[in-house]
Each structure stands twice: as C-alpha cells, then as structure tokens.
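Enquirer: Next comes the structure file final-v1.pdb, holding PDB, C-alpha atoms, pLDDT in the B column.
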ATOM      1  CA  MET A  23    -175.227  73.781 -81.669  1.00 52.00           C
ATOM      2  CA  SER A  24    -175.576  70.177 -82.551  1.00 54.00           C
ATOM      3  CA  GLU A  25    -174.910  67.425 -80.099  1.00 54.00           C
ATOM      4  CA  LYS A  26    -172.031  66.226 -82.233  1.00 52.00           C
ATOM      5  CA  ASN A  27    -170.333  69.593 -82.242  1.00 55.00           C
ATOM      6  CA  SER A  28    -170.742  69.905 -78.492  1.00 56.00           C
ATOM      7  CA  GLU A  29    -169.071  66.552 -78.068  1.00 55.00           C
ATOM      8  CA  ASN A  30    -166.139  67.620 -80.273  1.00 56.00           C
ATOM      9  CA  ASP A  31    -165.723  70.835 -78.338  1.00 57.00           C
ATOM     10  CA  PHE A  32    -165.769  68.919 -75.055  1.00 50.00           C
ATOM     11  CA  ASN A  33    -163.117  66.478 -76.288  1.00 56.00           C
ATOM     12  CA  LYS A  34    -160.994  69.355 -77.489  1.00 57.00           C
ATOM     13  CA  PHE A  35    -161.296  71.047 -74.112  1.00 50.00           C
ATOM     14  CA  GLN A  36    -160.386  67.839 -72.363  1.00 56.00           C
ATOM     15  CA  GLY A  37    -157.277  67.510 -74.548  1.00 54.00           C
ATOM     16  CA  GLU A  38    -156.216  71.037 -73.854  1.00 55.00           C
ATOM     17  CA  LEU A  39    -156.821  70.554 -70.136  1.00 50.00           C
ATOM     18  CA  SER A  40    -154.831  67.334 -70.154  1.00 58.00           C
ATOM     19  CA  GLY A  41    -151.980  69.006 -71.970  1.00 56.00           C
ATOM     20  CA  SER A  42    -152.065  71.864 -69.541  1.00 56.00           C
ATOM     21  CA  ARG A  43    -151.977  69.447 -66.623  1.00 56.00           C
ATOM     22  CA  SER A  44    -149.116  67.565 -68.251  1.00 57.00           C
ATOM     23  CA  GLY A  45    -147.217  70.799 -68.746  1.00 56.00           C
ATOM     24  CA  MET A  46    -147.813  71.796 -65.177  1.00 55.00           C
ATOM     25  CA  SER A  47    -146.599  68.394 -64.015  1.00 58.00           C
ATOM     26  CA  SER A  48    -143.447  68.604 -66.127  1.00 59.00           C
ATOM     27  CA  GLY A  49    -142.768  72.098 -64.877  1.00 60.00           C
ATOM     28  CA  THR A  50    -143.170  70.987 -61.277  1.00 72.00           C
ATOM     29  CA  ILE A  51    -140.795  68.044 -61.725  1.00 69.00           C
ATOM     30  CA  ALA A  52    -138.223  70.197 -63.492  1.00 64.00           C
ATOM     31  CA  GLY A  53    -138.453  72.761 -60.738  1.00 66.00           C
ATOM     32  CA  GLU A  54    -138.037  70.145 -58.057  1.00 67.00           C
ATOM     33  CA  MET A  55    -135.050  68.655 -59.886  1.00 67.00           C
ATOM     34  CA  ALA A  56    -133.477  72.090 -60.173  1.00 64.00           C
ATOM     35  CA  LYS A  57    -133.989  72.686 -56.458  1.00 68.00           C
ATOM     36  CA  ARG A  58    -132.546  69.280 -55.659  1.00 67.00           C
ATOM     37  CA  ASP A  59    -129.515  69.884 -57.874  1.00 62.00           C
ATOM     38  CA  LYS A  60    -129.006  73.264 -56.220  1.00 65.00           C
ATOM     39  CA  ARG A  61    -129.198  71.708 -52.757  1.00 67.00           C
ATOM     40  CA  THR A  62    -126.748  68.986 -53.809  1.00 61.00           C
ATOM     41  CA  LEU A  63    -124.352  71.583 -55.187  1.00 63.00           C
ATOM     42  CA  GLU A  64    -124.631  73.651 -52.016  1.00 70.00           C
ATOM     43  CA  GLN A  65    -124.030  70.548 -49.892  1.00 64.00           C
ATOM     44  CA  LYS A  66    -120.944  69.697 -51.936  1.00 69.00           C
ATOM     45  CA  LYS A  67    -119.662  73.248 -51.553  1.00 68.00           C
ATOM     46  CA  GLU A  68    -120.287  73.117 -47.808  1.00 70.00           C
ATOM     47  CA  LYS A  69    -118.498  69.771 -47.471  1.00 74.00           C
ATOM     48  CA  ASN A  70    -115.616  71.090 -49.539  1.00 74.00           C
ATOM     49  CA  ARG A  71    -115.449  74.222 -47.383  1.00 72.00           C
ATOM     50  CA  GLU A  72    -115.493  72.127 -44.214  1.00 81.00           C
ATOM     51  CA  LEU A  73    -112.749  69.916 -45.639  1.00 82.00           C
ATOM     52  CA  LEU A  74    -110.602  72.931 -46.504  1.00 81.00           C
ATOM     53  CA  LEU A  75    -111.267  74.385 -43.064  1.00 82.00           C
ATOM     54  CA  SER A  76    -110.180  71.139 -41.420  1.00 86.00           C
ATOM     55  CA  GLN A  77    -107.070  70.979 -43.595  1.00 89.00           C
ATOM     56  CA  ALA A  78    -106.195  74.589 -42.784  1.00 87.00           C
ATOM     57  CA  GLU A  79    -106.608  73.973 -39.055  1.00 90.00           C
ATOM     58  CA  GLN A  80    -104.420  70.870 -39.289  1.00 91.00           C
ATOM     59  CA  ALA A  81    -101.818  72.744 -41.328  1.00 91.00           C
ATOM     60  CA  HIS A  82    -101.692  75.474 -38.671  1.00 93.00           C
ATOM     61  CA  PHE A  83    -101.384  72.888 -35.891  1.00 94.00           C
ATOM     62  CA  ASP A  84     -98.625  70.983 -37.711  1.00 93.00           C
ATOM     63  CA  LEU A  85     -96.684  74.160 -38.431  1.00 94.00           C
ATOM     64  CA  MET A  86     -96.889  75.376 -34.834  1.00 94.00           C
ATOM     65  CA  HIS A  87     -95.845  71.927 -33.623  1.00 94.00           C
ATOM     66  CA  LEU A  88     -92.808  71.988 -35.916  1.00 93.00           C
ATOM     67  CA  ILE A  89     -91.855  75.446 -34.661  1.00 94.00           C
ATOM     68  CA  ASP A  90     -92.235  74.342 -31.033  1.00 95.00           C
ATOM     69  CA  GLN A  91     -89.976  71.359 -31.686  1.00 94.00           C
ATOM     70  CA  ARG A  92     -87.327  73.529 -33.311  1.00 94.00           C
ATOM     71  CA  LEU A  93     -87.483  76.106 -30.508  1.00 96.00           C
ATOM     72  CA  ASP A  94     -87.230  73.377 -27.854  1.00 96.00           C
ATOM     73  CA  ALA A  95     -84.140  71.985 -29.582  1.00 95.00           C
ATOM     74  CA  ILE A  96     -82.619  75.461 -29.827  1.00 96.00           C
ATOM     75  CA  HIS A  97     -83.274  76.232 -26.166  1.00 97.00           C
ATOM     76  CA  GLU A  98     -81.785  72.899 -25.113  1.00 97.00           C
ATOM     77  CA  ALA A  99     -78.687  73.598 -27.213  1.00 96.00           C
ATOM     78  CA  MET A 100     -78.482  77.113 -25.759  1.00 97.00           C
ATOM     79  CA  GLN A 101     -78.586  75.745 -22.224  1.00 97.00           C
ATOM     80  CA  LYS A 102     -75.840  73.208 -22.934  1.00 96.00           C
ATOM     81  CA  ASN A 103     -73.809  75.934 -24.607  1.00 97.00           C
ATOM     82  CA  ARG A 104     -74.073  78.298 -21.632  1.00 97.00           C
ATOM     83  CA  ASP A 105     -73.432  75.519 -19.119  1.00 97.00           C
ATOM     84  CA  GLU A 106     -70.165  74.632 -20.837  1.00 97.00           C
ATOM     85  CA  TRP A 107     -69.327  78.318 -21.229  1.00 97.00           C
ATOM     86  CA  ASP A 108     -69.752  78.851 -17.483  1.00 98.00           C
ATOM     87  CA  VAL A 109     -67.544  75.870 -16.606  1.00 97.00           C
ATOM     88  CA  ARG A 110     -64.729  77.042 -18.842  1.00 97.00           C
ATOM     89  CA  ALA A 111     -65.041  80.716 -17.871  1.00 97.00           C
ATOM     90  CA  ASN A 112     -64.937  79.849 -14.174  1.00 97.00           C
ATOM     91  CA  ARG A 113     -61.898  77.639 -14.752  1.00 97.00           C
ATOM     92  CA  LEU A 114     -60.168  80.458 -16.593  1.00 96.00           C
ATOM     93  CA  ASN A 115     -60.736  82.743 -13.631  1.00 96.00           C
ATOM     94  CA  ASP A 116     -59.414  80.084 -11.253  1.00 96.00           C
ATOM     95  CA  ILE A 117     -56.287  79.573 -13.353  1.00 96.00           C
ATOM     96  CA  ASP A 118     -55.674  83.305 -13.546  1.00 95.00           C
ATOM     97  CA  ASP A 119     -56.091  83.635  -9.779  1.00 95.00           C
ATOM     98  CA  LEU A 120     -53.732  80.716  -9.208  1.00 94.00           C
ATOM     99  CA  LEU A 121     -51.023  82.055 -11.480  1.00 93.00           C
ATOM    100  CA  GLN A 122     -51.451  85.579 -10.171  1.00 93.00           C
ATOM    101  CA  GLU A 123     -50.593  84.351  -6.696  1.00 91.00           C
ATOM    102  CA  VAL A 124     -47.331  82.963  -8.079  1.00 89.00           C
ATOM    103  CA  LYS A 125     -46.603  86.174  -9.954  1.00 91.00           C
ATOM    104  CA  ASP A 126     -47.165  88.050  -6.700  1.00 91.00           C
ATOM    105  CA  GLY A 127     -44.385  86.017  -5.111  1.00 89.00           C
ATOM    106  CA  GLY A 128     -46.336  83.167  -3.560  1.00 88.00           C
ATOM    107  CA  GLU A 129     -46.088  79.438  -4.109  1.00 88.00           C
ATOM    108  CA  LEU A 130     -48.242  77.448  -6.485  1.00 89.00           C
ATOM    109  CA  ASP A 131     -51.145  75.807  -4.681  1.00 91.00           C
ATOM    110  CA  LEU A 132     -50.724  72.207  -5.810  1.00 90.00           C
ATOM    111  CA  ALA A 133     -54.094  71.042  -4.540  1.00 91.00           C
ATOM    112  CA  ARG A 134     -55.941  73.705  -6.504  1.00 93.00           C
ATOM    113  CA  ALA A 135     -53.722  73.170  -9.533  1.00 94.00           C
ATOM    114  CA  ASN A 136     -54.421  69.425  -9.528  1.00 94.00           C
ATOM    115  CA  THR A 137     -58.147  70.046  -9.176  1.00 94.00           C
ATOM    116  CA  LEU A 138     -58.100  72.322 -12.214  1.00 96.00           C
ATOM    117  CA  ILE A 139     -56.010  69.896 -14.235  1.00 95.00           C
ATOM    118  CA  THR A 140     -58.160  66.854 -13.497  1.00 95.00           C
ATOM    119  CA  GLY A 141     -61.329  68.929 -14.010  1.00 95.00           C
ATOM    120  CA  ALA A 142     -60.130  69.672 -17.516  1.00 95.00           C
ATOM    121  CA  GLY A 143     -59.683  65.956 -18.187  1.00 94.00           C
ATOM    122  CA  LYS A 144     -55.885  66.084 -18.084  1.00 94.00           C
ATOM    123  CA  THR A 145     -53.327  64.384 -15.892  1.00 92.00           C
ATOM    124  CA  ILE A 146     -49.928  65.276 -14.515  1.00 92.00           C
ATOM    125  CA  SER A 147     -47.275  63.010 -13.023  1.00 91.00           C
ATOM    126  CA  ASP A 148     -46.480  62.973  -9.323  1.00 88.00           C
ATOM    127  CA  ASN A 149     -42.904  64.107  -9.960  1.00 90.00           C
ATOM    128  CA  ALA A 150     -43.909  67.018 -12.210  1.00 90.00           C
ATOM    129  CA  THR A 151     -41.801  70.154 -12.030  1.00 88.00           C
ATOM    130  CA  SER A 152     -43.048  73.721 -11.678  1.00 85.00           C
ATOM    131  CA  ALA A 153     -42.572  74.133 -15.423  1.00 87.00           C
ATOM    132  CA  ASP A 154     -44.742  71.073 -16.041  1.00 92.00           C
ATOM    133  CA  TYR A 155     -47.545  72.512 -13.934  1.00 93.00           C
ATOM    134  CA  TYR A 156     -47.302  75.886 -15.577  1.00 91.00           C
ATOM    135  CA  ARG A 157     -47.233  74.363 -19.052  1.00 93.00           C
ATOM    136  CA  ILE A 158     -50.343  72.270 -18.573  1.00 95.00           C
ATOM    137  CA  LEU A 159     -52.255  75.097 -16.877  1.00 96.00           C
ATOM    138  CA  ILE A 160     -51.501  77.393 -19.814  1.00 95.00           C
ATOM    139  CA  GLU A 161     -52.566  74.645 -22.234  1.00 95.00           C
ATOM    140  CA  ILE A 162     -55.876  74.343 -20.414  1.00 96.00           C
ATOM    141  CA  LYS A 163     -56.297  78.114 -20.453  1.00 96.00           C
ATOM    142  CA  THR A 164     -55.557  78.269 -24.189  1.00 96.00           C
ATOM    143  CA  ASP A 165     -58.031  75.476 -24.935  1.00 96.00           C
ATOM    144  CA  ASP A 166     -60.708  77.128 -22.810  1.00 96.00           C
ATOM    145  CA  LEU A 167     -60.243  80.505 -24.496  1.00 96.00           C
ATOM    146  CA  GLU A 168     -60.536  78.935 -27.940  1.00 95.00           C
ATOM    147  CA  ARG A 169     -63.548  76.890 -26.908  1.00 96.00           C
ATOM    148  CA  ILE A 170     -65.324  79.889 -25.379  1.00 96.00           C
ATOM    149  CA  GLU A 171     -64.869  81.808 -28.611  1.00 96.00           C
ATOM    150  CA  THR A 172     -66.381  78.894 -30.525  1.00 96.00           C
ATOM    151  CA  LEU A 173     -69.262  78.617 -28.054  1.00 96.00           C
ATOM    152  CA  ASP A 174     -70.004  82.311 -28.503  1.00 96.00           C
ATOM    153  CA  GLU A 175     -70.127  81.933 -32.292  1.00 96.00           C
ATOM    154  CA  SER A 176     -72.382  78.915 -31.912  1.00 96.00           C
ATOM    155  CA  PHE A 177     -74.672  80.750 -29.495  1.00 97.00           C
ATOM    156  CA  VAL A 178     -75.102  83.618 -31.959  1.00 96.00           C
ATOM    157  CA  LYS A 179     -76.283  81.100 -34.562  1.00 96.00           C
ATOM    158  CA  LEU A 180     -78.757  79.660 -32.065  1.00 97.00           C
ATOM    159  CA  GLU A 181     -80.082  83.144 -31.323  1.00 97.00           C
ATOM    160  CA  GLU A 182     -80.564  83.696 -35.047  1.00 96.00           C
ATOM    161  CA  GLY A 183     -82.574  80.486 -35.140  1.00 96.00           C
ATOM    162  CA  GLU A 184     -84.718  81.507 -32.188  1.00 97.00           C
ATOM    163  CA  ASN A 185     -85.544  84.852 -33.822  1.00 97.00           C
ATOM    164  CA  PHE A 186     -86.221  83.126 -37.141  1.00 96.00           C
ATOM    165  CA  TYR A 187     -88.749  80.682 -35.704  1.00 96.00           C
ATOM    166  CA  ARG A 188     -90.392  83.351 -33.560  1.00 96.00           C
ATOM    167  CA  LYS A 189     -91.083  85.342 -36.725  1.00 96.00           C
ATOM    168  CA  ILE A 190     -92.489  82.259 -38.472  1.00 95.00           C
ATOM    169  CA  GLN A 191     -94.671  81.673 -35.420  1.00 95.00           C
ATOM    170  CA  GLU A 192     -96.013  85.231 -35.544  1.00 96.00           C
ATOM    171  CA  GLN A 193     -96.736  84.959 -39.261  1.00 95.00           C
ATOM    172  CA  ALA A 194     -98.595  81.677 -38.766  1.00 94.00           C
ATOM    173  CA  ASN A 195    -100.792  83.231 -36.080  1.00 94.00           C
ATOM    174  CA  THR A 196    -101.445  86.263 -38.275  1.00 94.00           C
ATOM    175  CA  ILE A 197    -102.622  83.973 -41.079  1.00 94.00           C
ATOM    176  CA  HIS A 198    -104.778  82.027 -38.633  1.00 92.00           C
ATOM    177  CA  ASN A 199    -106.520  85.176 -37.407  1.00 92.00           C
ATOM    178  CA  ASP A 200    -106.875  86.990 -40.731  1.00 90.00           C
ATOM    179  CA  GLN A 201    -110.582  86.794 -41.582  1.00 87.00           C
ATOM    180  CA  ARG A 202    -109.997  88.170 -45.072  1.00 91.00           C
ATOM    181  CA  LEU A 203    -108.320  84.946 -46.199  1.00 88.00           C
ATOM    182  CA  ASN A 204    -110.265  81.990 -47.494  1.00 89.00           C
ATOM    183  CA  GLU A 205    -109.199  78.475 -46.586  1.00 87.00           C
ATOM    184  CA  GLN A 206    -107.332  77.886 -49.842  1.00 89.00           C
ATOM    185  CA  ASP A 207    -105.288  81.031 -49.264  1.00 90.00           C
ATOM    186  CA  ARG A 208    -104.558  79.885 -45.708  1.00 90.00           C
ATOM    187  CA  LEU A 209    -103.397  76.472 -46.899  1.00 91.00           C
ATOM    188  CA  ALA A 210    -101.097  78.051 -49.461  1.00 92.00           C
ATOM    189  CA  ALA A 211     -99.666  80.452 -46.861  1.00 93.00           C
ATOM    190  CA  TYR A 212     -99.114  77.660 -44.336  1.00 93.00           C
ATOM    191  CA  ALA A 213     -97.398  75.539 -46.992  1.00 92.00           C
ATOM    192  CA  ARG A 214     -95.008  78.398 -47.760  1.00 94.00           C
ATOM    193  CA  LEU A 215     -94.174  78.934 -44.080  1.00 94.00           C
ATOM    194  CA  ASN A 216     -93.780  75.210 -43.493  1.00 92.00           C
ATOM    195  CA  ALA A 217     -91.276  74.970 -46.330  1.00 92.00           C
ATOM    196  CA  GLU A 218     -89.422  77.981 -44.966  1.00 92.00           C
ATOM    197  CA  ALA A 219     -89.359  76.623 -41.417  1.00 90.00           C
ATOM    198  CA  GLY A 220     -88.279  73.164 -42.506  1.00 86.00           C
ATOM    199  CA  LYS A 221     -85.374  74.155 -44.716  1.00 86.00           C
ATOM    200  CA  ALA A 222     -83.129  75.454 -41.925  1.00 82.00           C
ATOM    201  CA  ASN A 223     -81.846  73.619 -38.847  1.00 88.00           C
ATOM    202  CA  PHE A 224     -80.035  76.107 -36.650  1.00 93.00           C
ATOM    203  CA  VAL A 225     -79.019  73.527 -34.056  1.00 94.00           C
ATOM    204  CA  GLU A 226     -77.140  71.562 -36.705  1.00 92.00           C
ATOM    205  CA  ALA A 227     -75.647  74.809 -37.980  1.00 92.00           C
ATOM    206  CA  ALA A 228     -74.452  75.746 -34.499  1.00 93.00           C
ATOM    207  CA  LEU A 229     -72.946  72.320 -33.920  1.00 91.00           C
ATOM    208  CA  GLY A 230     -71.366  72.569 -37.351  1.00 90.00           C
ATOM    209  CA  ILE A 231     -69.551  75.723 -36.246  1.00 90.00           C
ATOM    210  CA  GLU A 232     -68.244  73.921 -33.179  1.00 86.00           C
ATOM    211  CA  ASN A 233     -67.120  70.865 -35.136  1.00 84.00           C
ATOM    212  CA  GLN A 234     -65.490  72.922 -37.850  1.00 78.00           C
ATOM    213  CA  ASN A 235     -63.628  75.114 -35.371  1.00 74.00           C
ATOM    214  CA  GLN A 236     -62.483  72.042 -33.499  1.00 68.00           C
ATOM    215  CA  LYS A 237     -61.018  70.586 -36.692  1.00 68.00           C
ATOM    216  CA  ILE A 238     -59.300  73.876 -37.453  1.00 65.00           C
ATOM    217  CA  GLU A 239     -57.855  74.054 -33.947  1.00 61.00           C
ATOM    218  CA  MET A 240     -56.532  70.515 -34.166  1.00 55.00           C
ATOM    219  CA  ALA A 241     -54.889  71.166 -37.516  1.00 55.00           C
ATOM    220  CA  ASP A 242     -53.705  74.674 -36.785  1.00 52.00           C
ATOM    221  CA  THR A 243     -49.925  74.921 -37.015  1.00 39.00           C
ATOM    222  CA  VAL A 244     -50.040  77.947 -34.740  1.00 43.00           C
ATOM    223  CA  LYS A 245     -50.079  75.363 -31.947  1.00 46.00           C
ATOM    224  CA  THR A 246     -46.325  75.161 -32.404  1.00 42.00           C
ATOM    225  CA  ASP A 247     -46.021  78.833 -31.568  1.00 44.00           C
ATOM    226  CA  HIS A 248     -48.176  78.292 -28.494  1.00 42.00           C
ATOM    227  CA  THR A 249     -45.877  75.546 -27.307  1.00 43.00           C
ATOM    228  CA  HIS A 250     -42.853  77.768 -27.831  1.00 41.00           C
ATOM    229  CA  ASN A 251     -44.474  80.611 -25.893  1.00 44.00           C
ATOM    230  CA  ILE A 252     -45.564  78.264 -23.142  1.00 39.00           C
ATOM    231  CA  GLN A 253     -42.040  76.946 -22.707  1.00 44.00           C
ATOM    232  CA  ASN A 254     -40.665  80.461 -22.487  1.00 46.00           C
ATOM    233  CA  SER A 255     -43.254  81.312 -19.877  1.00 39.00           C
ATOM    234  CA  ALA A 256     -42.446  78.128 -18.008  1.00 37.00           C
ATOM    235  CA  ASN A 257     -38.805  79.109 -17.878  1.00 41.00           C
ATOM    236  CA  LYS A 258     -39.777  82.511 -16.536  1.00 40.00           C
ATOM    237  CA  ILE A 259     -42.029  81.065 -13.876  1.00 38.00           C
ATOM    238  CA  SER A 260     -39.279  78.695 -12.821  1.00 40.00           C
ATOM    239  CA  ASP A 261     -37.061  81.686 -12.211  1.00 40.00           C
ATOM    240  CA  MET A 262     -39.665  82.965  -9.754  1.00 36.00           C
ATOM    241  CA  LYS A 263     -38.488  80.220  -7.346  1.00 35.00           C
ATOM    242  CA  LEU A 264     -41.595  78.028  -7.134  1.00 39.00           C
ATOM    243  CA  ASN A 265     -40.994  75.523  -4.371  1.00 35.00           C
ATOM    244  CA  PHE A 266     -43.004  72.292  -4.192  1.00 32.00           C
TER     245      PHE A 266
END
Can you turn what I pasted into structure tokens?

Expert:
Amino acid sequence: MSEKNSENDFNKFQGELSGSRSGMSSGTIAGEMAKRDKRTLEQKKEKNRELLLSQAEQAHFDLMHLIDQRLDAIHEAMQKNRDEWDVRANRLNDIDDLLQEVKDGGELDLARANTLITGAGKTISDNATSADYYRILIEIKTDDLERIETLDESFVKLEEGENFYRKIQEQANTIHNDQRLNEQDRLAAYARLNAEAGKANFVEAALGIENQNQKIEMADTVKTDHTHNIQNSANKISDMKLNF
C-alpha cells in the first residue's frame, strides 16, 4: 500500500472516529437532558401533590372548625332554652300549688302570689281583689304553657341541627382517614360537605320558630276566649270566699 493511500485511510478513520465521538457526545447530552426533564417533572408532581395535601388538610381543618362553631352555638341555644323551660315549668307548678290550696278551702297566700307575679314581670295594685289575683295568675299560667310549647318545638329543631352536624363531622373524618382517596377527591368531598354544612343554620331556625309563634300568640283572637274563661273562673274563685 502506498504512503498516500495509507494517509487517506488514516484520515478516513479519524473522520469516522470523530463522528462516532460526536454522536456519543450528542447521545450523552440528550440522555442527560431527558433525565433532567424527568426529574423536573417529578419535582413538579411532588410539589403539586404536597400542595394538594396541604389544601386537603386545611379544608378538613376549616370544615371541622365550622362544625364546632355550629355545635357550640346549638348547645348554647339548647342551654338557654332549657333554662327558660325550667323557670316557666317551676312557676307553673307553683301556681298550681297555690290555686290548689284555695280550691281546697284555704286562703290565697298573697306573699307567694306576689312573688310569682313579679317574677313573671307583671305587677298588681295594692288594692287588688281576689278576682284580680286569680286573673293575673291564670294569665301567667297561660303564657307559660304557650311558651313552653314553643320552647319544646324550638328544642326539637336544635336537636335536629345537632344530629345533622354530628353526621357531617363523621363523614369528614371518614374522608380524612380513607386511604383510597387521592387529594383531589378529598378536596372535592370536603367542598361538598362544607356547602352542605354552611347552608343550614339551625339556631336561626329555632329562634325563627319562637319569633313566629310569639307573633301568632300576640295576634291570636282566641285571647278573647281566654279572657272570657278567666273572668268566669275569677267569679267562681270569688265565690269560694277568699279573704285578704
């Protein structure tokens, strides 16, 4: 082989080797870029997952906080309801005991009668007759009976609210502990429960019952019949020779 041909072969080999090296270099860079892109994508997915996880945890916390607030308000309203119920029920018993003593032939205890009357926020004149005392005691009794009925209706509504929010609370905890759900599913479930919990205010509903019944009682023409019956009863009690 001539020297010239050997030189050509060497140059050709060098070119092929250079091309091979260049190809190897390009392949290495492309591979590194692909790995980098994959890592970047995985990092983005991880950040997105962490963000969704944080949002789901916050959604659970916010929902439970809302439920706690609603339950606290319901329990406070329940306590006020039962406190008033007890006051009126005890007064009813006291009035019945007082009037029963008269029906049994005794005299009306003025001190106890005045205590009951003032306790109900009413007044009676110093020169009131037995009929006056009887009339106002029966009025108090009638008001208390009507109010107790309203309080009972209101309390039932509050109990409905307590049961409602307890169920929402249980569902929220079930979602929180369900490992089969991904964070997007959790967020969607929490959003649904939050909307459900926020749309109803049972305290307002209970107070609405009380306000509505109060308006009805004030406008009820049956009051006239009560007054007529009270006067008849007053006349009867007067015949029982109450002496003051």

Enquirer: Residue by residue, what does the PyMOL selection byres ((chain A and resi 135) around 10) grab here? Present the result as a list in words.

Expert: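 Output of the PyMOL selection byres ((chain A and resi 135) around 10): Asp116, Ile117, Leu120, Leu121, Leu130, Asp131, Leu132, Ala133, Arg134, Asn136, Thr137, Leu138, Ile139, Thr140, Gly141, Tyr155, Tyr156, Ile158 and Leu159 of chain A.
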
Enquirer: Could you tell me how far atom CA of A:Gly220 sits from atom CA of A:Asn204, in Å to one decimal place?

Expert: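 A separation of 24.2 Å between them.
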
Enquirer: Using all atoms listed in the file, find the one residue out of A:Thr164, A:Gln191, A:Asn223, A:Gln77 that sits nearest to A:Ala111.

Expert: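 Smallest separation from A:Ala111 among the options: A:Thr164.
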
Enquirer: What does the PyMOL selection byres ((chain A and resi 173) around 12) select in this file, as a PyMOL selection string?

Expert: chain A and resi 99-111+166-172+174-180+228-236

Enquirer: Rounded to one decimal, what separation in Å do you get between atom CA of A:Glu64 and atom CA of A:Thr196?

Expert: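 Distance between the two atoms: 29.8 Å.
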
Enquirer: Between A:Leu203, A:Val124, A:Ala219, A:Ala150, which one has atoms that come closest to A:Tyr187, using all atoms listed in the file?

Expert: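 Among the listed residues, the smallest separation from A:Tyr187 belongs to A:Ala219.
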
Enquirer: Measure the distance from atom CA of A:Met86 to atom CA of A:Glu184 in Å and round it to one decimal.

Expert: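 For atom CA of A:Met86 relative to atom CA of A:Glu184, the distance reads 13.9 Å.
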
Enquirer: Counting only C-alpha atoms, which residue out of A:Ala227, A:Ala222, A:Leu93, A:Ala210 sits closest to A:Ala81?

Expert: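 Of A:Ala227, A:Ala222, A:Leu93, A:Ala210, the one nearest A:Ala81 is A:Ala210, counting only C-alpha atoms.
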
Enquirer: Counting only C-alpha atoms, which of A:Leu209, A:Leu85, A:Ile162, A:Ile96 gets nearest to A:Ile190?

Expert: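 Smallest distance to A:Ile190 is found for A:Leu85.
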
Enquirer: For the file shown, report as a ChimeraX atom specification the outcome of the PyMOL selection byres ((chain A and resi 205) around 6) at residue level.

Expert: /A:74-75,204,206-208

Enquirer: Report, as AutoDock Vina command-line options, the axis-aligned box around all atoms of stretch 172-184 of chain A present in the file, extended by 8 Å on each side; give centre and edge lengths in Å to one decimal place.

Expert:
--center_x -75.5 --center_y 81.2 --center_z -31.6 --size_x 34.3 --size_y 21.1 --size_z 23.1
